[in-house]
Amino acid sequence: MIAFLVRRLLQAVAVLFIVTIMVFILIHRLPGGPARAELGVQATPTAIASFNQQHGFDKSLWTQYWTWLSELLRGDLGYSFKENSTVSALLLDRLPKTALLAGVSVLVAVLLAIPLGVVQALRRNTIVDYVFTAVTFVLYSTPSFWLSLILVLVFSVNLGWVPAQAPQGSIGAVLSQPSGLVLPVATIALISVALYSRYMRSSTIDNLTQDYVRTARAKGAAISRILFRHVLRNAISPVLTLLGLSLPFILSGTLITERVFNYPGMGLLFYNAAVTQDYPVLLAVTLIVAVATVAGSVFADICYALLDPRVRYAHA
Amino acid sequence: MATMLEISDLVVDIRSGRSTVRAVDGISLTLDPGRTLGLVGESGCGKSTTGLAVLGLLPAGGKVTRGSIRIDGHEIVGLREAEARAIRGRTVGVVFQDPMTALNPTQRIGAQVAEPLLIHGMANRSAAMKQAVDLLGEVGLSRPAAQAERFPHELSGGMRQRVMIALALICGPKLLVADEPTTALDVTTQDQILQLFDSLQQSRDMSILLITHDMGVVAGHTDEVAVMYAGRLAELATTHRLFGGYRHRYTEALLESIPTLDTPRGQRLATIAGLPPNLGGQLAPCRFAPRCAHAEQVCFDVEPQWSEQGEHGYACHLPRRTDADLMTESAGAPS
């Protein structure tokens with residue numbers, strides 16, 4: 001298990017290294033360039049040249065990359081002129097809030113999806129199954145900005161149950177007003193339920209037809225025992241794998257949702273940085289998302305290994 | 001002595017989509033305590049379906065349409081699910097064909113073997129685990145306490161089948177249904193597993209319904225044999241009687257298709273021409289007639305009746321004549 005973990009983590013580091021190169025090159029190939037973004041379209045070529053020289057943007061791309069990477073490894077993510085703050089400080093403030101939003105949303109989605117998938121599997125090809133399938137697929141195909149607007153219209157404007165805007169300020173402020181989280185969480189969770197419930201449904205159906213289930217029945221086990229003691233653990237592994245792999249999907253969901261609810265997380269930060277061409281922030285957030293994506297797939301592998309002893313030993 | 005298993009006029013229909021197949025069509029047999037009954041036939045003849053019906057574990061769409069199954073005197077056809085569960089695993093144990101897939105891949109061996117005791121409330125967790133380890137030793141696993149902590153994929157096929165046997169026997173069932181228990185194993189392991197069945201049967205005084213397609217297994221390890229063909233019983237006799245003087249032409253064809261060591265090189269193996277009939281289609285009155293080398297017009301016109309002499313019954317219009325028949329005939333013939 002330890003060997004498996006070490007190897008998996010080394011792979012992750014290699015992937016991240018490649019990701020930093022690609023992200024850096026892509027963002028520095030964007031039209032405009034940091035000088036124009038900072039000094040405005042009216043800036044004279046001399047002003048731009050001196051800005052570039054001052055911040056090292058006149059050096060070769062590789063030199064810039066090494067500078068950026070070595071600073072990154074020292075924990076320095078650069079400085080945002082737009083936000084007038086170090087990028088690390090910005091992320092330190094925003095990242096926990098997005099993690100909270102994404103984490104709670106995924107938790108809600110999975111807690112809905114697992115029982116839903118099991119019920120659909122047990123009642124497969126009945127009206128119950130069809131209705132749940134239809135509902136979850138409609139939600140899955142709904143654009144998140146539209147769904148959040150509908151939720152705001154119904155639950156904030158018409159019913160007045162929950163606020164339409166997320167609480168501003170630090171993570172403490174967000175946590176002290178959980179009602180502000182309800183609609184953003186509902187948006188992301190409802191859209192991603194189908195993602196997990198479909199997997200849960202098919203993996204449960206798959207497991208229910210396995211010989212070991214027949215063995216459990218032959219022991220005299222009731223259906224509830226068969227589900228909880230035998231099928232669930234086997235059926236849940238693909239869903240947990242998917243959970244890790246769906247992190248990018250969830251984070252892109254938070255981007256839109258944070259914008260709609262003005263939730264002060266990383267998604268909103270990224271949105272604003274993209275609009276204002278705030279390069280250091282764009283770079284840092286993209287990198288964080290890459291780290292999260294890689295971490296998600298490592299998490300998926302570890303979960304799989306923990307749940308399925310065959311994987312654990314095959315890789316050890 | 002009361003019979004352990006009594007199946008009378010059992011009919012099982014399996015529905016899939018719009019069509020219904022009569023997988024088992026009116027078979028009757030009995031199994032006494034401490035005895036082994038071999039149920040033989042080709043794939044799809046209804047032998048496994050019969051076994052599953054005894055367990056009340058027919059596949060989706062399967063249903064006992066007629067007849068009765070009594071286990072130790074208790075009728076099990078028509079039992080409610082909860083009542084059937086109380087019998088499964090406790091009064092009747094089962095060993096399935098493929099030990100590779102019949103065990104839960106994510107549960108430790110010991111827990112799987114102990115589970116029936118917990119289900120039937122026969123022991124608490126620690127006592128159940130102890131019994132499981134003891135039984136794993138009894139079925140021939142060395143260092144059973146260590147093996148109990150392992151996962152199925154860490155064991156060989158033969159070892160897993162021993163685990164399956166322990167799992168089936170943990171509650172001390174009076175009847176064991178063994179559905180092709182050695183088919184997925186290699187030949188040397190097959191023999192060890194069959195010997196294990198024999199010794200366990202003696203030490204536990206249990207009845208075994210041994211479902212197999214292998215006449216060799218039947219010859220060495222059963223007391224009685226029921227030969228099935230296309231959902232019906234072709235022949236039923238004590239193993240000794242059957243091999244001494246089989247009558248049904250299907251039994252004959254089955255036995256003739258076993259190659260022997262003294263079959264000359266180059267000689268073609270005897271086979272039964274054609275395939276078993278599709279049970280959903282039109283069937284000849286004698287179901288074996290279309291493939292039978294001895295069939296005459298009567299086999300296609302009239303359903304053969306079950307005839308029984310002592311412990312030997314069969315349903316064939318033109319049964320094979322045994323040596324005894326030939327002797328009586330020659331003695332009674334006009335000179």
# chains A, B, ... in the order shown; residues from 1 in each chain; ligands from 1

$ closest_atom_pairs --of "chain B" --to "chain A" --cutoff "10 Å" --atoms "only C-alpha atoms" --output "JSON lines"
{"residue": "B:Leu52", "atom": "CA", "partner": "A:Ala218", "partner_atom": "CA", "distance": 9.5}
{"residue": "B:Leu55", "atom": "CA", "partner": "A:Ala218", "partner_atom": "CA", "distance": 7.2}
{"residue": "B:Gly56", "atom": "CA", "partner": "A:Ala218", "partner_atom": "CA", "distance": 8.7}
{"residue": "B:Leu57", "atom": "CA", "partner": "A:Ala218", "partner_atom": "CA", "distance": 7.4}
{"residue": "B:Pro59", "atom": "CA", "partner": "A:Arg214", "partner_atom": "CA", "distance": 9.6}
{"residue": "B:Glu81", "atom": "CA", "partner": "A:Ala222", "partner_atom": "CA", "distance": 8.8}
{"residue": "B:Ala82", "atom": "CA", "partner": "A:Ala222", "partner_atom": "CA", "distance": 7.9}
{"residue": "B:Glu83", "atom": "CA", "partner": "A:Gly220", "partner_atom": "CA", "distance": 9.7}
{"residue": "B:Ala84", "atom": "CA", "partner": "A:Gly220", "partner_atom": "CA", "distance": 7.8}
{"residue": "B:Arg85", "atom": "CA", "partner": "A:Gly220", "partner_atom": "CA", "distance": 4.4}
{"residue": "B:Ala86", "atom": "CA", "partner": "A:Gly220", "partner_atom": "CA", "distance": 6.2}
{"residue": "B:Ile87", "atom": "CA", "partner": "A:Gly220", "partner_atom": "CA", "distance": 7.1}
{"residue": "B:Arg88", "atom": "CA", "partner": "A:Gly220", "partner_atom": "CA", "distance": 4.7}
{"residue": "B:Gly89", "atom": "CA", "partner": "A:Lys219", "partner_atom": "CA", "distance": 4.0}
{"residue": "B:Arg90", "atom": "CA", "partner": "A:Lys219", "partner_atom": "CA", "distance": 7.5}
{"residue": "B:Val92", "atom": "CA", "partner": "A:Ala218", "partner_atom": "CA", "distance": 8.5}
{"residue": "B:Gly93", "atom": "CA", "partner": "A:Ala218", "partner_atom": "CA", "distance": 7.2}
{"residue": "B:Val94", "atom": "CA", "partner": "A:Ala218", "partner_atom": "CA", "distance": 6.7}
{"residue": "B:Val95", "atom": "CA", "partner": "A:Thr215", "partner_atom": "CA", "distance": 8.5}
{"residue": "B:Phe96", "atom": "CA", "partner": "A:Thr215", "partner_atom": "CA", "distance": 8.0}
{"residue": "B:Gln97", "atom": "CA", "partner": "A:Asp211", "partner_atom": "CA", "distance": 9.8}
{"residue": "B:Asp98", "atom": "CA", "partner": "A:Asp211", "partner_atom": "CA", "distance": 8.4}
{"residue": "B:Pro99", "atom": "CA", "partner": "A:Asp211", "partner_atom": "CA", "distance": 9.1}
{"residue": "B:Met100", "atom": "CA", "partner": "A:Asp211", "partner_atom": "CA", "distance": 9.1}
{"residue": "B:Thr101", "atom": "CA", "partner": "A:Asp211", "partner_atom": "CA", "distance": 5.6}
{"residue": "B:Ala102", "atom": "CA", "partner": "A:Tyr212", "partner_atom": "CA", "distance": 4.3}
{"residue": "B:Leu103", "atom": "CA", "partner": "A:Tyr212", "partner_atom": "CA", "distance": 4.9}
{"residue": "B:Asn104", "atom": "CA", "partner": "A:Tyr212", "partner_atom": "CA", "distance": 5.1}
{"residue": "B:Pro105", "atom": "CA", "partner": "A:Asp308", "partner_atom": "CA", "distance": 7.6}
{"residue": "B:Thr106", "atom": "CA", "partner": "A:Asp308", "partner_atom": "CA", "distance": 5.7}
{"residue": "B:Gln107", "atom": "CA", "partner": "A:His230", "partner_atom": "CA", "distance": 8.0}
{"residue": "B:Arg108", "atom": "CA", "partner": "A:Pro309", "partner_atom": "CA", "distance": 9.5}
{"residue": "B:Gln112", "atom": "CA", "partner": "A:Ala216", "partner_atom": "CA", "distance": 8.8}
{"residue": "B:Val113", "atom": "CA", "partner": "A:Lys219", "partner_atom": "CA", "distance": 9.6}
{"residue": "B:Glu115", "atom": "CA", "partner": "A:Lys219", "partner_atom": "CA", "distance": 7.7}
{"residue": "B:Pro116", "atom": "CA", "partner": "A:Lys219", "partner_atom": "CA", "distance": 5.4}
{"residue": "B:Leu117", "atom": "CA", "partner": "A:Lys219", "partner_atom": "CA", "distance": 9.0}
{"residue": "B:Leu118", "atom": "CA", "partner": "A:Ala221", "partner_atom": "CA", "distance": 9.6}
{"residue": "B:Ile119", "atom": "CA", "partner": "A:Ala221", "partner_atom": "CA", "distance": 6.2}
{"residue": "B:His120", "atom": "CA", "partner": "A:Gly220", "partner_atom": "CA", "distance": 7.7}
{"residue": "B:Arg150", "atom": "CA", "partner": "A:Pro309", "partner_atom": "CA", "distance": 9.6}
{"residue": "B:Phe151", "atom": "CA", "partner": "A:Pro309", "partner_atom": "CA", "distance": 7.3}
{"residue": "B:Pro152", "atom": "CA", "partner": "A:Arg310", "partner_atom": "CA", "distance": 9.1}
{"residue": "B:His153", "atom": "CA", "partner": "A:Arg310", "partner_atom": "CA", "distance": 6.8}
{"residue": "B:Glu154", "atom": "CA", "partner": "A:Arg310", "partner_atom": "CA", "distance": 8.6}
{"residue": "B:Met164", "atom": "CA", "partner": "A:Thr215", "partner_atom": "CA", "distance": 8.9}
{"residue": "B:Leu167", "atom": "CA", "partner": "A:Lys219", "partner_atom": "CA", "distance": 8.1}
{"residue": "B:Ala168", "atom": "CA", "partner": "A:Lys219", "partner_atom": "CA", "distance": 7.5}
{"residue": "B:Ile170", "atom": "CA", "partner": "A:Lys219", "partner_atom": "CA", "distance": 9.9}
{"residue": "B:Cys171", "atom": "CA", "partner": "A:Lys219", "partner_atom": "CA", "distance": 9.4}

$ residues_around --residues "Ala99 in chain A" --least-positions-apart "5" --cutoff "9 Å" --atoms "only C-alpha atoms" --output "PDB file with N, CA and C atoms, in the first residue's frame"
ATOM      1  N   ARG A  94      -9.612  33.109  -0.650  1.00  0.00           N
ATOM      2  CA  ARG A  94     -10.687  32.621  -1.523  1.00  0.00           C
ATOM      3  C   ARG A  94     -10.796  31.095  -1.569  1.00  0.00           C
ATOM      4  N   VAL A 104     -19.312  20.898   0.121  1.00  0.00           N
ATOM      5  CA  VAL A 104     -20.689  20.688   0.577  1.00  0.00           C
ATOM      6  C   VAL A 104     -21.573  20.264  -0.599  1.00  0.00           C
ATOM      7  N   LEU A 251     -15.470  22.239 -10.082  1.00  0.00           N
ATOM      8  CA  LEU A 251     -14.838  23.550  -9.951  1.00  0.00           C
ATOM      9  C   LEU A 251     -15.320  24.507 -11.039  1.00  0.00           C
ATOM     10  N   GLY A 265     -15.515  33.477  -3.800  1.00  0.00           N
ATOM     11  CA  GLY A 265     -14.583  32.351  -3.811  1.00  0.00           C
ATOM     12  C   GLY A 265     -13.576  32.466  -4.930  1.00  0.00           C
ATOM     13  N   MET A 266     -12.890  31.347  -5.195  1.00  0.00           N
ATOM     14  CA  MET A 266     -11.854  31.323  -6.198  1.00  0.00           C
ATOM     15  C   MET A 266     -12.428  31.464  -7.610  1.00  0.00           C
TER      16      MET A 266
END

$ residues_around --residues "Phe24 in chain A" --least-positions-apart "6" --cutoff "10 Å" --atoms "only C-alpha atoms" --output "list of chain:residue names"
A:Leu61, A:Trp62, A:Gln64, A:Tyr65, A:Trp68, A:Leu69, A:Tyr279, A:Leu282, A:Leu283, A:Ala284, A:Thr286, A:Leu287

$ write_last_selection --atoms "C-alpha atoms" --output "PDB file, in the first residue's frame"
ATOM      1  CA  LEU A  61       9.754  32.678 -22.127  1.00  0.00           C
ATOM      2  CA  TRP A  62      11.959  29.988 -20.600  1.00  0.00           C
ATOM      3  CA  GLN A  64      10.429  33.809 -17.240  1.00  0.00           C
ATOM      4  CA  TYR A  65       9.164  30.302 -16.622  1.00  0.00           C
ATOM      5  CA  TRP A  68       8.109  31.922 -11.997  1.00  0.00           C
ATOM      6  CA  LEU A  69       8.658  28.263 -11.092  1.00  0.00           C
ATOM      7  CA  TYR A 279      -2.134  37.283 -15.352  1.00  0.00           C
ATOM      8  CA  LEU A 282      -5.096  33.520 -13.815  1.00  0.00           C
ATOM      9  CA  LEU A 283      -1.897  31.493 -13.634  1.00  0.00           C
ATOM     10  CA  ALA A 284      -2.267  30.717  -9.965  1.00  0.00           C
ATOM     11  CA  THR A 286      -5.341  27.527 -13.212  1.00  0.00           C
ATOM     12  CA  LEU A 287      -2.498  25.874 -11.360  1.00  0.00           C
TER      13      LEU A 287
END

$ select_by_dssp --residues "range 148-185 of chain B" --states "strand (DSSP E)" --output "list in words"
Leu175, Leu176, Val177, Ala178 and Asp179 of chain B

$ residues_around --residues "Ala148 in chain B" --least-positions-apart "6" --cutoff "7 Å" --atoms "only C-alpha atoms" --output "short mmCIF file (atom, residue, chain, number, x, y, z; two decimals) with C-alpha atoms, in the first residue's frame"
data_model
loop_
_atom_site.label_atom_id
_atom_site.label_comp_id
_atom_site.auth_asym_id
_atom_site.auth_seq_id
_atom_site.Cartn_x
_atom_site.Cartn_y
_atom_site.Cartn_z
CA ARG B 108 -12.52 -11.47 4.13
CA ILE B 109 -12.94 -15.24 3.90
CA GLY B 110 -13.68 -15.70 7.61
CA VAL B 133 -12.01 -20.86 11.44
#

$ atom_distance --atom1 "CA of Gly172 in chain A" --atom2 "CA of Asn262 in chain A"
16.5 Å

$ residues_around --residues "Val298 in chain B" --least-positions-apart "3" --cutoff "10 Å" --atoms "only C-alpha atoms" --output "list of chain:residue names"
B:Pro285, B:Cys286, B:Ala289, B:Ala295, B:Asp301, B:Val302, B:Glu303, B:Pro304, B:His317, B:Leu318

$ residues_around --residues "Leu73 in chain A" --least-positions-apart "6" --cutoff "12 Å" --atoms "only C-alpha atoms" --output "list in words"
Phe17, Thr20, Trp66 and Thr67 of chain A

$ residues_around --residues "Val285 in chain A" --least-positions-apart "4" --cutoff "12 Å" --atoms "only C-alpha atoms" --output "PDB file with N, CA and C atoms, in the first residue's frame"
ATOM      1  N   THR A  20       2.416  22.810 -15.324  1.00  0.00           N
ATOM      2  CA  THR A  20       2.895  24.188 -15.121  1.00  0.00           C
ATOM      3  C   THR A  20       3.469  24.749 -16.416  1.00  0.00           C
ATOM      4  N   VAL A  23       0.491  25.520 -18.835  1.00  0.00           N
ATOM      5  CA  VAL A  23      -0.299  26.662 -18.383  1.00  0.00           C
ATOM      6  C   VAL A  23       0.469  27.953 -18.624  1.00  0.00           C
ATOM      7  N   PHE A  24       1.737  27.927 -18.283  1.00  0.00           N
ATOM      8  CA  PHE A  24       2.551  29.130 -18.416  1.00  0.00           C
ATOM      9  C   PHE A  24       2.606  29.584 -19.875  1.00  0.00           C
ATOM     10  N   ILE A  27      -0.880  30.881 -21.217  1.00  0.00           N
ATOM     11  CA  ILE A  27      -1.309  32.187 -20.742  1.00  0.00           C
ATOM     12  C   ILE A  27      -0.422  33.301 -21.295  1.00  0.00           C
ATOM     13  N   LEU A  77       3.508  33.370  -5.364  1.00  0.00           N
ATOM     14  CA  LEU A  77       2.713  33.194  -6.581  1.00  0.00           C
ATOM     15  C   LEU A  77       2.627  34.492  -7.387  1.00  0.00           C
ATOM     16  N   GLY A  78       3.372  35.515  -6.956  1.00  0.00           N
ATOM     17  CA  GLY A  78       3.349  36.768  -7.703  1.00  0.00           C
ATOM     18  C   GLY A  78       2.444  37.812  -7.058  1.00  0.00           C
ATOM     19  N   VAL A  87      -0.767  37.289  -4.655  1.00  0.00           N
ATOM     20  CA  VAL A  87      -1.693  36.249  -5.109  1.00  0.00           C
ATOM     21  C   VAL A  87      -1.909  35.211  -4.004  1.00  0.00           C
ATOM     22  N   SER A  88      -0.842  34.922  -3.259  1.00  0.00           N
ATOM     23  CA  SER A  88      -0.988  33.932  -2.177  1.00  0.00           C
ATOM     24  C   SER A  88      -2.025  34.380  -1.157  1.00  0.00           C
ATOM     25  N   LEU A  90      -4.502  36.399  -1.673  1.00  0.00           N
ATOM     26  CA  LEU A  90      -5.820  36.300  -2.315  1.00  0.00           C
ATOM     27  C   LEU A  90      -6.341  34.861  -2.242  1.00  0.00           C
ATOM     28  N   LEU A  91      -5.456  33.921  -2.642  1.00  0.00           N
ATOM     29  CA  LEU A  91      -5.879  32.522  -2.673  1.00  0.00           C
ATOM     30  C   LEU A  91      -6.191  32.004  -1.274  1.00  0.00           C
ATOM     31  N   LEU A  92      -5.368  32.428  -0.335  1.00  0.00           N
ATOM     32  CA  LEU A  92      -5.578  31.989   1.042  1.00  0.00           C
ATOM     33  C   LEU A  92      -6.964  32.402   1.532  1.00  0.00           C
ATOM     34  N   ARG A  94      -9.612  33.109  -0.650  1.00  0.00           N
ATOM     35  CA  ARG A  94     -10.687  32.621  -1.523  1.00  0.00           C
ATOM     36  C   ARG A  94     -10.796  31.095  -1.569  1.00  0.00           C
ATOM     37  N   LEU A  95      -9.649  30.431  -1.564  1.00  0.00           N
ATOM     38  CA  LEU A  95      -9.655  28.978  -1.747  1.00  0.00           C
ATOM     39  C   LEU A  95     -10.516  28.248  -0.716  1.00  0.00           C
ATOM     40  N   THR A  98     -14.193  28.427  -1.679  1.00  0.00           N
ATOM     41  CA  THR A  98     -14.578  27.569  -2.810  1.00  0.00           C
ATOM     42  C   THR A  98     -14.548  26.100  -2.400  1.00  0.00           C
ATOM     43  N   LEU A 251     -15.470  22.239 -10.082  1.00  0.00           N
ATOM     44  CA  LEU A 251     -14.838  23.550  -9.951  1.00  0.00           C
ATOM     45  C   LEU A 251     -15.320  24.507 -11.039  1.00  0.00           C
ATOM     46  N   SER A 252     -15.532  23.991 -12.258  1.00  0.00           N
ATOM     47  CA  SER A 252     -16.066  24.875 -13.294  1.00  0.00           C
ATOM     48  C   SER A 252     -17.491  25.268 -12.955  1.00  0.00           C
ATOM     49  N   LEU A 255     -17.390  28.163 -10.676  1.00  0.00           N
ATOM     50  CA  LEU A 255     -17.036  29.410 -11.340  1.00  0.00           C
ATOM     51  C   LEU A 255     -18.298  30.199 -11.710  1.00  0.00           C
ATOM     52  N   GLY A 265     -15.515  33.477  -3.800  1.00  0.00           N
ATOM     53  CA  GLY A 265     -14.583  32.351  -3.811  1.00  0.00           C
ATOM     54  C   GLY A 265     -13.576  32.466  -4.930  1.00  0.00           C
ATOM     55  N   MET A 266     -12.890  31.347  -5.195  1.00  0.00           N
ATOM     56  CA  MET A 266     -11.854  31.323  -6.198  1.00  0.00           C
ATOM     57  C   MET A 266     -12.428  31.464  -7.610  1.00  0.00           C
ATOM     58  N   GLY A 267     -13.627  30.940  -7.795  1.00  0.00           N
ATOM     59  CA  GLY A 267     -14.268  31.018  -9.099  1.00  0.00           C
ATOM     60  C   GLY A 267     -14.516  32.459  -9.499  1.00  0.00           C
ATOM     61  N   LEU A 268     -15.035  33.230  -8.564  1.00  0.00           N
ATOM     62  CA  LEU A 268     -15.304  34.644  -8.829  1.00  0.00           C
ATOM     63  C   LEU A 268     -13.993  35.385  -9.066  1.00  0.00           C
ATOM     64  N   LEU A 269     -12.980  35.027  -8.289  1.00  0.00           N
ATOM     65  CA  LEU A 269     -11.656  35.619  -8.455  1.00  0.00           C
ATOM     66  C   LEU A 269     -11.134  35.365  -9.862  1.00  0.00           C
ATOM     67  N   PHE A 270     -11.296  34.117 -10.307  1.00  0.00           N
ATOM     68  CA  PHE A 270     -10.826  33.738 -11.640  1.00  0.00           C
ATOM     69  C   PHE A 270     -11.607  34.489 -12.709  1.00  0.00           C
ATOM     70  N   TYR A 271     -12.913  34.559 -12.515  1.00  0.00           N
ATOM     71  CA  TYR A 271     -13.768  35.267 -13.480  1.00  0.00           C
ATOM     72  C   TYR A 271     -13.298  36.714 -13.637  1.00  0.00           C
ATOM     73  N   ASN A 272     -13.116  37.393 -12.495  1.00  0.00           N
ATOM     74  CA  ASN A 272     -12.684  38.782 -12.543  1.00  0.00           C
ATOM     75  C   ASN A 272     -11.300  38.906 -13.154  1.00  0.00           C
ATOM     76  N   ALA A 273     -10.399  37.970 -12.822  1.00  0.00           N
ATOM     77  CA  ALA A 273      -9.052  38.013 -13.357  1.00  0.00           C
ATOM     78  C   ALA A 273      -9.064  37.822 -14.870  1.00  0.00           C
ATOM     79  N   ALA A 274      -9.963  36.966 -15.359  1.00  0.00           N
ATOM     80  CA  ALA A 274     -10.051  36.729 -16.796  1.00  0.00           C
ATOM     81  C   ALA A 274     -10.547  37.991 -17.493  1.00  0.00           C
ATOM     82  N   ASP A 278      -5.746  39.698 -15.474  1.00  0.00           N
ATOM     83  CA  ASP A 278      -4.860  39.708 -14.310  1.00  0.00           C
ATOM     84  C   ASP A 278      -4.019  38.425 -14.331  1.00  0.00           C
ATOM     85  N   TYR A 279      -2.893  38.496 -15.060  1.00  0.00           N
ATOM     86  CA  TYR A 279      -2.134  37.283 -15.352  1.00  0.00           C
ATOM     87  C   TYR A 279      -1.701  36.463 -14.137  1.00  0.00           C
ATOM     88  N   PRO A 280      -1.077  37.063 -13.140  1.00  0.00           N
ATOM     89  CA  PRO A 280      -0.615  36.236 -12.004  1.00  0.00           C
ATOM     90  C   PRO A 280      -1.756  35.460 -11.360  1.00  0.00           C
ATOM     91  N   VAL A 281      -2.940  36.080 -11.261  1.00  0.00           N
ATOM     92  CA  VAL A 281      -4.078  35.396 -10.654  1.00  0.00           C
ATOM     93  C   VAL A 281      -4.562  34.265 -11.559  1.00  0.00           C
ATOM     94  N   VAL A 289      -6.362  24.636  -9.888  1.00  0.00           N
ATOM     95  CA  VAL A 289      -7.343  23.703 -10.457  1.00  0.00           C
ATOM     96  C   VAL A 289      -6.629  22.448 -10.963  1.00  0.00           C
ATOM     97  N   ALA A 290      -5.452  22.655 -11.561  1.00  0.00           N
ATOM     98  CA  ALA A 290      -4.689  21.492 -12.031  1.00  0.00           C
ATOM     99  C   ALA A 290      -4.281  20.612 -10.864  1.00  0.00           C
ATOM    100  N   VAL A 291      -3.805  21.259  -9.795  1.00  0.00           N
ATOM    101  CA  VAL A 291      -3.437  20.498  -8.600  1.00  0.00           C
ATOM    102  C   VAL A 291      -4.649  19.732  -8.086  1.00  0.00           C
ATOM    103  N   ALA A 292      -5.803  20.405  -8.042  1.00  0.00           N
ATOM    104  CA  ALA A 292      -7.016  19.759  -7.549  1.00  0.00           C
ATOM    105  C   ALA A 292      -7.400  18.577  -8.429  1.00  0.00           C
TER     106      ALA A 292
END

$ closest_atom_pairs --of "range 141-228 of chain A" --to "range 106-117 of chain A" --cutoff "8 Å" --atoms "only C-alpha atoms" --output "JSON lines"
{"residue": "A:Ile188", "atom": "CA", "partner": "A:Val106", "partner_atom": "CA", "distance": 7.8}
{"residue": "A:Ala189", "atom": "CA", "partner": "A:Ala109", "partner_atom": "CA", "distance": 4.6}
{"residue": "A:Leu190", "atom": "CA", "partner": "A:Ala109", "partner_atom": "CA", "distance": 6.7}
{"residue": "A:Ser192", "atom": "CA", "partner": "A:Ala109", "partner_atom": "CA", "distance": 6.4}
{"residue": "A:Val193", "atom": "CA", "partner": "A:Ala109", "partner_atom": "CA", "distance": 4.9}
{"residue": "A:Ala194", "atom": "CA", "partner": "A:Ala113", "partner_atom": "CA", "distance": 7.1}
{"residue": "A:Tyr196", "atom": "CA", "partner": "A:Ala113", "partner_atom": "CA", "distance": 5.7}
{"residue": "A:Ser197", "atom": "CA", "partner": "A:Ala113", "partner_atom": "CA", "distance": 4.3}
{"residue": "A:Arg198", "atom": "CA", "partner": "A:Gly117", "partner_atom": "CA", "distance": 6.4}
{"residue": "A:Tyr199", "atom": "CA", "partner": "A:Gly117", "partner_atom": "CA", "distance": 7.5}
{"residue": "A:Met200", "atom": "CA", "partner": "A:Gly117", "partner_atom": "CA", "distance": 4.7}
{"residue": "A:Arg201", "atom": "CA", "partner": "A:Gly117", "partner_atom": "CA", "distance": 4.0}
{"residue": "A:Ser202", "atom": "CA", "partner": "A:Gly117", "partner_atom": "CA", "distance": 7.8}
{"residue": "A:Thr204", "atom": "CA", "partner": "A:Gly117", "partner_atom": "CA", "distance": 7.5}

$ decode --residues "range 290-301 of chain B" --atoms "N, CA and C atoms" --output "PDB file, in the first residue's frame"
ATOM      1  N   PRO B 290     -35.650 -37.246 -31.664  1.00  0.00           N
ATOM      2  CA  PRO B 290     -34.976 -36.687 -32.842  1.00  0.00           C
ATOM      3  C   PRO B 290     -33.467 -36.940 -32.854  1.00  0.00           C
ATOM      4  N   ARG B 291     -32.873 -37.227 -31.709  1.00  0.00           N
ATOM      5  CA  ARG B 291     -31.416 -37.440 -31.669  1.00  0.00           C
ATOM      6  C   ARG B 291     -31.077 -38.912 -31.421  1.00  0.00           C
ATOM      7  N   CYS B 292     -32.106 -39.735 -31.266  1.00  0.00           N
ATOM      8  CA  CYS B 292     -31.887 -41.104 -30.814  1.00  0.00           C
ATOM      9  C   CYS B 292     -31.582 -42.023 -31.995  1.00  0.00           C
ATOM     10  N   ALA B 293     -30.546 -42.821 -31.861  1.00  0.00           N
ATOM     11  CA  ALA B 293     -30.151 -43.729 -32.939  1.00  0.00           C
ATOM     12  C   ALA B 293     -31.127 -44.899 -33.083  1.00  0.00           C
ATOM     13  N   HIS B 294     -31.926 -45.134 -32.026  1.00  0.00           N
ATOM     14  CA  HIS B 294     -32.823 -46.289 -32.044  1.00  0.00           C
ATOM     15  C   HIS B 294     -34.272 -45.907 -32.242  1.00  0.00           C
ATOM     16  N   ALA B 295     -34.557 -44.624 -32.445  1.00  0.00           N
ATOM     17  CA  ALA B 295     -35.949 -44.163 -32.452  1.00  0.00           C
ATOM     18  C   ALA B 295     -36.734 -44.793 -33.595  1.00  0.00           C
ATOM     19  N   GLU B 296     -37.993 -45.144 -33.309  1.00  0.00           N
ATOM     20  CA  GLU B 296     -38.910 -45.627 -34.340  1.00  0.00           C
ATOM     21  C   GLU B 296     -40.123 -44.727 -34.362  1.00  0.00           C
ATOM     22  N   GLN B 297     -41.081 -45.052 -35.212  1.00  0.00           N
ATOM     23  CA  GLN B 297     -42.237 -44.181 -35.383  1.00  0.00           C
ATOM     24  C   GLN B 297     -42.955 -43.901 -34.071  1.00  0.00           C
ATOM     25  N   VAL B 298     -43.046 -44.933 -33.248  1.00  0.00           N
ATOM     26  CA  VAL B 298     -43.796 -44.794 -31.993  1.00  0.00           C
ATOM     27  C   VAL B 298     -43.226 -43.672 -31.136  1.00  0.00           C
ATOM     28  N   CYS B 299     -41.911 -43.459 -31.184  1.00  0.00           N
ATOM     29  CA  CYS B 299     -41.259 -42.434 -30.359  1.00  0.00           C
ATOM     30  C   CYS B 299     -41.707 -41.039 -30.769  1.00  0.00           C
ATOM     31  N   PHE B 300     -42.112 -40.886 -32.031  1.00  0.00           N
ATOM     32  CA  PHE B 300     -42.553 -39.587 -32.519  1.00  0.00           C
ATOM     33  C   PHE B 300     -44.060 -39.418 -32.392  1.00  0.00           C
ATOM     34  N   ASP B 301     -44.774 -40.521 -32.044  1.00  0.00           N
ATOM     35  CA  ASP B 301     -46.233 -40.470 -31.981  1.00  0.00           C
ATOM     36  C   ASP B 301     -46.764 -40.481 -30.564  1.00  0.00           C
TER      37      ASP B 301
END
